[in-house]
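Novice: You'll find final_14.txt just under this line, and it carries compact mmCIF, N, CA, C and O atoms.
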# COMPACT_ATOMS: atom_id res chain seq x y z
N MET A 4 109.02 143.28 97.20
CA MET A 4 108.50 143.45 98.55
C MET A 4 109.49 144.23 99.41
O MET A 4 109.09 145.12 100.14
N THR A 5 110.78 143.88 99.32
CA THR A 5 111.76 144.58 100.15
C THR A 5 111.94 146.02 99.70
O THR A 5 112.20 146.89 100.53
N MET A 6 111.80 146.28 98.40
CA MET A 6 111.93 147.65 97.92
C MET A 6 110.78 148.51 98.44
O MET A 6 110.97 149.68 98.79
N LEU A 7 109.58 147.92 98.53
CA LEU A 7 108.43 148.65 99.06
C LEU A 7 108.64 148.98 100.53
O LEU A 7 108.40 150.10 100.97
N MET A 8 109.12 148.01 101.28
CA MET A 8 109.38 148.24 102.70
C MET A 8 110.47 149.28 102.89
O MET A 8 110.36 150.15 103.76
N LEU A 9 111.50 149.23 102.08
CA LEU A 9 112.58 150.20 102.18
C LEU A 9 112.09 151.61 101.88
O LEU A 9 112.45 152.56 102.57
N SER A 10 111.23 151.74 100.87
CA SER A 10 110.70 153.07 100.54
C SER A 10 109.77 153.57 101.64
O SER A 10 109.74 154.76 101.93
N LEU A 11 109.01 152.67 102.27
CA LEU A 11 108.14 153.07 103.37
C LEU A 11 108.96 153.52 104.58
O LEU A 11 108.63 154.51 105.23
N ILE A 12 110.04 152.81 104.86
CA ILE A 12 110.90 153.19 105.98
C ILE A 12 111.56 154.53 105.72
O ILE A 12 111.65 155.38 106.61
N ARG A 13 112.00 154.76 104.50
CA ARG A 13 112.61 156.05 104.14
C ARG A 13 111.58 157.17 104.27
O ARG A 13 111.90 158.26 104.74
N ALA A 14 110.35 156.91 103.85
CA ALA A 14 109.31 157.93 103.95
C ALA A 14 109.03 158.27 105.41
O ALA A 14 108.88 159.44 105.78
N LEU A 15 108.98 157.25 106.25
CA LEU A 15 108.76 157.49 107.68
C LEU A 15 109.94 158.21 108.31
O LEU A 15 109.75 159.06 109.19
N ALA A 16 111.13 157.89 107.87
CA ALA A 16 112.32 158.53 108.42
C ALA A 16 112.32 160.03 108.10
O ALA A 16 112.85 160.82 108.87
N VAL A 17 111.73 160.41 107.00
CA VAL A 17 111.63 161.83 106.65
C VAL A 17 110.41 162.45 107.33
O VAL A 17 110.45 163.60 107.78
N LEU A 18 109.33 161.71 107.43
CA LEU A 18 108.07 162.24 107.93
C LEU A 18 108.06 162.46 109.44
O LEU A 18 107.52 163.46 109.91
N ILE A 19 108.67 161.58 110.20
CA ILE A 19 108.62 161.67 111.67
C ILE A 19 109.27 162.95 112.19
O ILE A 19 108.65 163.66 112.99
N PRO A 20 110.48 163.31 111.78
CA PRO A 20 111.04 164.58 112.28
C PRO A 20 110.22 165.80 111.86
O PRO A 20 110.07 166.74 112.63
N TRP A 21 109.66 165.75 110.66
CA TRP A 21 108.84 166.86 110.20
C TRP A 21 107.58 166.99 111.05
O TRP A 21 107.20 168.09 111.45
N LEU A 22 106.94 165.86 111.35
CA LEU A 22 105.74 165.88 112.20
C LEU A 22 106.07 166.36 113.60
O LEU A 22 105.29 167.10 114.22
N LEU A 23 107.22 165.96 114.14
CA LEU A 23 107.65 166.43 115.45
C LEU A 23 107.84 167.94 115.45
O LEU A 23 107.41 168.64 116.37
N HIS A 24 108.46 168.46 114.39
CA HIS A 24 108.67 169.90 114.27
C HIS A 24 107.35 170.65 114.19
O HIS A 24 107.15 171.66 114.88
N VAL A 25 106.43 170.17 113.36
CA VAL A 25 105.13 170.83 113.21
C VAL A 25 104.35 170.78 114.52
O VAL A 25 103.74 171.78 114.93
N THR A 26 104.37 169.64 115.20
CA THR A 26 103.66 169.52 116.47
C THR A 26 104.24 170.47 117.50
O THR A 26 103.49 171.16 118.21
N THR A 27 105.55 170.53 117.59
CA THR A 27 106.19 171.45 118.54
C THR A 27 105.83 172.89 118.20
O THR A 27 105.54 173.69 119.09
N TRP A 28 105.83 173.21 116.93
CA TRP A 28 105.49 174.56 116.50
C TRP A 28 104.06 174.92 116.87
O TRP A 28 103.78 176.01 117.37
N LEU A 29 103.13 173.97 116.65
CA LEU A 29 101.72 174.23 116.97
C LEU A 29 101.51 174.40 118.47
O LEU A 29 100.77 175.29 118.90
N VAL A 30 102.15 173.57 119.27
CA VAL A 30 102.03 173.70 120.72
C VAL A 30 102.63 175.01 121.19
O VAL A 30 102.06 175.71 122.03
N ALA A 31 103.77 175.38 120.64
CA ALA A 31 104.41 176.65 121.01
C ALA A 31 103.51 177.83 120.64
O ALA A 31 103.39 178.79 121.41
N ARG A 32 102.90 177.77 119.47
CA ARG A 32 101.99 178.85 119.06
C ARG A 32 100.79 178.93 119.99
O ARG A 32 100.35 180.00 120.37
N SER A 33 100.23 177.77 120.34
CA SER A 33 99.03 177.79 121.19
C SER A 33 99.35 178.26 122.61
O SER A 33 98.50 178.85 123.28
N LEU A 34 100.57 178.00 123.09
CA LEU A 34 100.97 178.45 124.43
C LEU A 34 101.63 179.83 124.41
O LEU A 34 101.97 180.36 125.47
N ASN A 35 101.84 180.37 123.22
CA ASN A 35 102.52 181.65 123.05
C ASN A 35 103.91 181.63 123.70
O ASN A 35 104.26 182.51 124.48
N MET A 36 104.65 180.59 123.38
CA MET A 36 106.00 180.41 123.91
C MET A 36 106.97 180.16 122.75
O MET A 36 106.54 179.70 121.69
N PRO A 37 108.26 180.42 122.97
CA PRO A 37 109.24 180.09 121.93
C PRO A 37 109.32 178.57 121.72
O PRO A 37 109.24 177.79 122.67
N GLN A 38 109.50 178.19 120.48
CA GLN A 38 109.54 176.77 120.13
C GLN A 38 110.67 176.01 120.81
O GLN A 38 110.45 174.88 121.28
N PRO A 39 111.89 176.55 120.94
CA PRO A 39 112.95 175.79 121.62
C PRO A 39 112.62 175.47 123.08
O PRO A 39 112.97 174.39 123.57
N ILE A 40 111.92 176.37 123.76
CA ILE A 40 111.56 176.11 125.15
C ILE A 40 110.56 174.95 125.22
O ILE A 40 110.66 174.08 126.08
N VAL A 41 109.58 174.96 124.32
CA VAL A 41 108.60 173.87 124.29
C VAL A 41 109.28 172.55 123.99
O VAL A 41 109.01 171.53 124.63
N HIS A 42 110.21 172.55 123.04
CA HIS A 42 110.91 171.32 122.68
C HIS A 42 111.74 170.80 123.85
O HIS A 42 111.69 169.62 124.19
N ASP A 43 112.53 171.69 124.47
CA ASP A 43 113.39 171.27 125.58
C ASP A 43 112.57 170.80 126.78
O ASP A 43 112.94 169.85 127.46
N THR A 44 111.44 171.44 127.03
CA THR A 44 110.57 171.01 128.12
C THR A 44 110.01 169.62 127.84
O THR A 44 109.94 168.77 128.73
N GLY A 45 109.63 169.38 126.59
CA GLY A 45 109.13 168.05 126.23
C GLY A 45 110.18 166.98 126.40
O GLY A 45 109.90 165.88 126.89
N VAL A 46 111.41 167.27 126.02
CA VAL A 46 112.51 166.31 126.19
C VAL A 46 112.75 166.05 127.66
O VAL A 46 112.94 164.91 128.09
N PHE A 47 112.72 167.10 128.48
CA PHE A 47 112.94 166.95 129.91
C PHE A 47 111.84 166.10 130.55
O PHE A 47 112.12 165.20 131.35
N VAL A 48 110.60 166.37 130.20
CA VAL A 48 109.48 165.60 130.76
C VAL A 48 109.58 164.14 130.33
O VAL A 48 109.38 163.22 131.14
N PHE A 49 109.92 163.90 129.07
CA PHE A 49 110.08 162.52 128.60
C PHE A 49 111.17 161.80 129.40
O PHE A 49 110.99 160.65 129.81
N ALA A 50 112.29 162.47 129.64
CA ALA A 50 113.39 161.85 130.38
C ALA A 50 112.98 161.54 131.81
O ALA A 50 113.32 160.49 132.35
N GLN A 51 112.24 162.44 132.44
CA GLN A 51 111.80 162.22 133.82
C GLN A 51 110.81 161.05 133.89
O GLN A 51 110.91 160.20 134.78
N VAL A 52 109.86 161.01 132.99
CA VAL A 52 108.88 159.92 132.98
C VAL A 52 109.57 158.60 132.71
O VAL A 52 109.28 157.58 133.36
N TYR A 53 110.52 158.58 131.79
CA TYR A 53 111.26 157.35 131.49
C TYR A 53 112.04 156.87 132.71
O TYR A 53 112.03 155.68 133.03
N ALA A 54 112.67 157.79 133.44
CA ALA A 54 113.43 157.43 134.63
C ALA A 54 112.52 156.84 135.71
O ALA A 54 112.86 155.83 136.35
N VAL A 55 111.36 157.44 135.90
CA VAL A 55 110.41 156.92 136.91
C VAL A 55 109.91 155.55 136.49
O VAL A 55 109.82 154.63 137.33
N GLU A 56 109.58 155.38 135.23
CA GLU A 56 109.10 154.08 134.77
C GLU A 56 110.16 152.99 134.94
O GLU A 56 109.84 151.86 135.31
N MET A 57 111.41 153.33 134.66
CA MET A 57 112.48 152.34 134.83
C MET A 57 112.65 151.98 136.31
O MET A 57 112.87 150.82 136.65
N ARG A 58 112.55 152.97 137.19
CA ARG A 58 112.68 152.72 138.62
C ARG A 58 111.54 151.82 139.11
O ARG A 58 111.76 150.87 139.86
N VAL A 59 110.32 152.13 138.69
CA VAL A 59 109.17 151.33 139.09
C VAL A 59 109.26 149.94 138.47
O VAL A 59 108.95 148.94 139.12
N GLY A 60 109.71 149.86 137.24
CA GLY A 60 109.86 148.57 136.57
C GLY A 60 110.85 147.67 137.29
O GLY A 60 110.61 146.46 137.43
N LYS A 61 111.95 148.24 137.78
CA LYS A 61 112.91 147.43 138.52
C LYS A 61 112.34 146.99 139.85
O LYS A 61 112.58 145.87 140.31
N ALA A 62 111.57 147.86 140.50
CA ALA A 62 110.98 147.53 141.80
C ALA A 62 109.94 146.42 141.66
O ALA A 62 109.75 145.63 142.58
N LEU A 63 109.26 146.37 140.54
CA LEU A 63 108.20 145.38 140.34
C LEU A 63 108.63 144.18 139.51
O LEU A 63 107.79 143.41 139.06
N CYS A 64 109.91 144.01 139.32
CA CYS A 64 110.43 142.88 138.57
C CYS A 64 110.02 141.57 139.26
O CYS A 64 110.23 141.42 140.47
N PRO A 65 109.42 140.62 138.54
CA PRO A 65 108.95 139.39 139.17
C PRO A 65 110.05 138.61 139.90
O PRO A 65 109.80 138.08 140.99
N LEU A 66 111.24 138.54 139.33
CA LEU A 66 112.31 137.81 140.00
C LEU A 66 112.72 138.49 141.30
O LEU A 66 112.94 137.82 142.32
N ARG A 67 112.80 139.79 141.29
CA ARG A 67 113.16 140.54 142.50
C ARG A 67 112.08 140.36 143.56
O ARG A 67 112.38 140.16 144.74
N LEU A 68 110.81 140.45 143.15
CA LEU A 68 109.73 140.26 144.11
C LEU A 68 109.75 138.85 144.68
O LEU A 68 109.50 138.65 145.88
N TRP A 69 110.05 137.85 143.86
CA TRP A 69 110.12 136.47 144.33
C TRP A 69 111.24 136.31 145.35
O TRP A 69 111.06 135.68 146.38
N ARG A 70 112.41 136.90 145.08
CA ARG A 70 113.53 136.84 146.03
C ARG A 70 113.17 137.52 147.35
O ARG A 70 113.49 137.02 148.43
N GLN A 71 112.50 138.66 147.27
CA GLN A 71 112.10 139.35 148.49
C GLN A 71 111.09 138.54 149.29
O GLN A 71 111.16 138.49 150.52
N LEU A 72 110.18 137.89 148.60
CA LEU A 72 109.19 137.05 149.27
C LEU A 72 109.84 135.86 149.94
O LEU A 72 109.52 135.51 151.09
N ARG A 73 110.80 135.22 149.24
CA ARG A 73 111.52 134.09 149.84
C ARG A 73 112.32 134.52 151.05
O ARG A 73 112.36 133.83 152.07
N ALA A 74 112.97 135.69 150.96
CA ALA A 74 113.76 136.20 152.08
C ALA A 74 112.86 136.54 153.26
O ALA A 74 113.26 136.38 154.42
N LEU A 75 111.66 136.96 152.99
CA LEU A 75 110.72 137.32 154.07
C LEU A 75 110.31 136.09 154.86
O LEU A 75 110.18 136.14 156.09
N PHE A 76 110.16 134.95 154.22
CA PHE A 76 109.71 133.74 154.88
C PHE A 76 110.86 132.89 155.44
O PHE A 76 110.62 131.89 156.07
N HIS A 77 112.11 133.25 155.19
CA HIS A 77 113.23 132.50 155.74
C HIS A 77 113.66 133.05 157.04
O HIS A 77 113.63 133.94 157.60
Kindly transcribe the structure held in the file into structure tokens.

Specialist:
Amino acid sequence: MTMLMLSLIRALAVLIPWLLHVTTWLVARSLNMPQPIVHDTGVFVFAQVYAVEMRVGKALCPLRLWRQLRALFH
């Protein structure tokens, strides 16, 4: 069982970067842009979305909201 899981993980470890490369290549071809620009733009957008989600997640944290609510009524 563990050998099967290990071989599946190894296959995914090889397959995921290849799929990312092919996807980036296809998007670059469809937009008629160089592949490195498409890749770097995707990384930048991912980083921006992640930063916004983390900021919103901290703002909506239940403990923080509870403290703010308690402070409002004191």

Novice: For CA of Thr26 in chain A and CA of Ser10 in chain A, quote the distance in Å rounded to one decimal.

Specialist: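 Separation of CA of Thr26 in chain A and CA of Ser10 in chain A: 24.0 Å.
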
Novice: For His24 in chain A, which residue among A:Gly60, A:Gln38, A:Phe49, A:Leu11 is the nearest when counting only N, CA, C and O atoms?

Specialist: A:Gln38

Novice: In Å to one decimal, how far is CA of Arg58 in chain A from CA of Val46 in chain A?

Specialist: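 Distance between the two atoms: 18.4 Å.
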
Novice: Please indicate the distance in Å from CA of Met57 in chain A to CA of Thr44 in chain A, rounded to one decimal place.

Specialist: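 So the two atoms, CA of Met57 in chain A and CA of Thr44 in chain A, lie 19.9 Å apart.
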
Novice: Specify the axis-aligned box that encloses all atoms of range 18-29 of chain A listed in the file after padding of 3 Å on each side, stating its centre and edge lengths in Å to one decimal as lines of an AutoDock Vina configuration file.

Specialist:
center_x = 105.9
center_y = 168.8
center_z = 113.3
size_x = 16.3
size_y = 20.4
size_z = 17.7
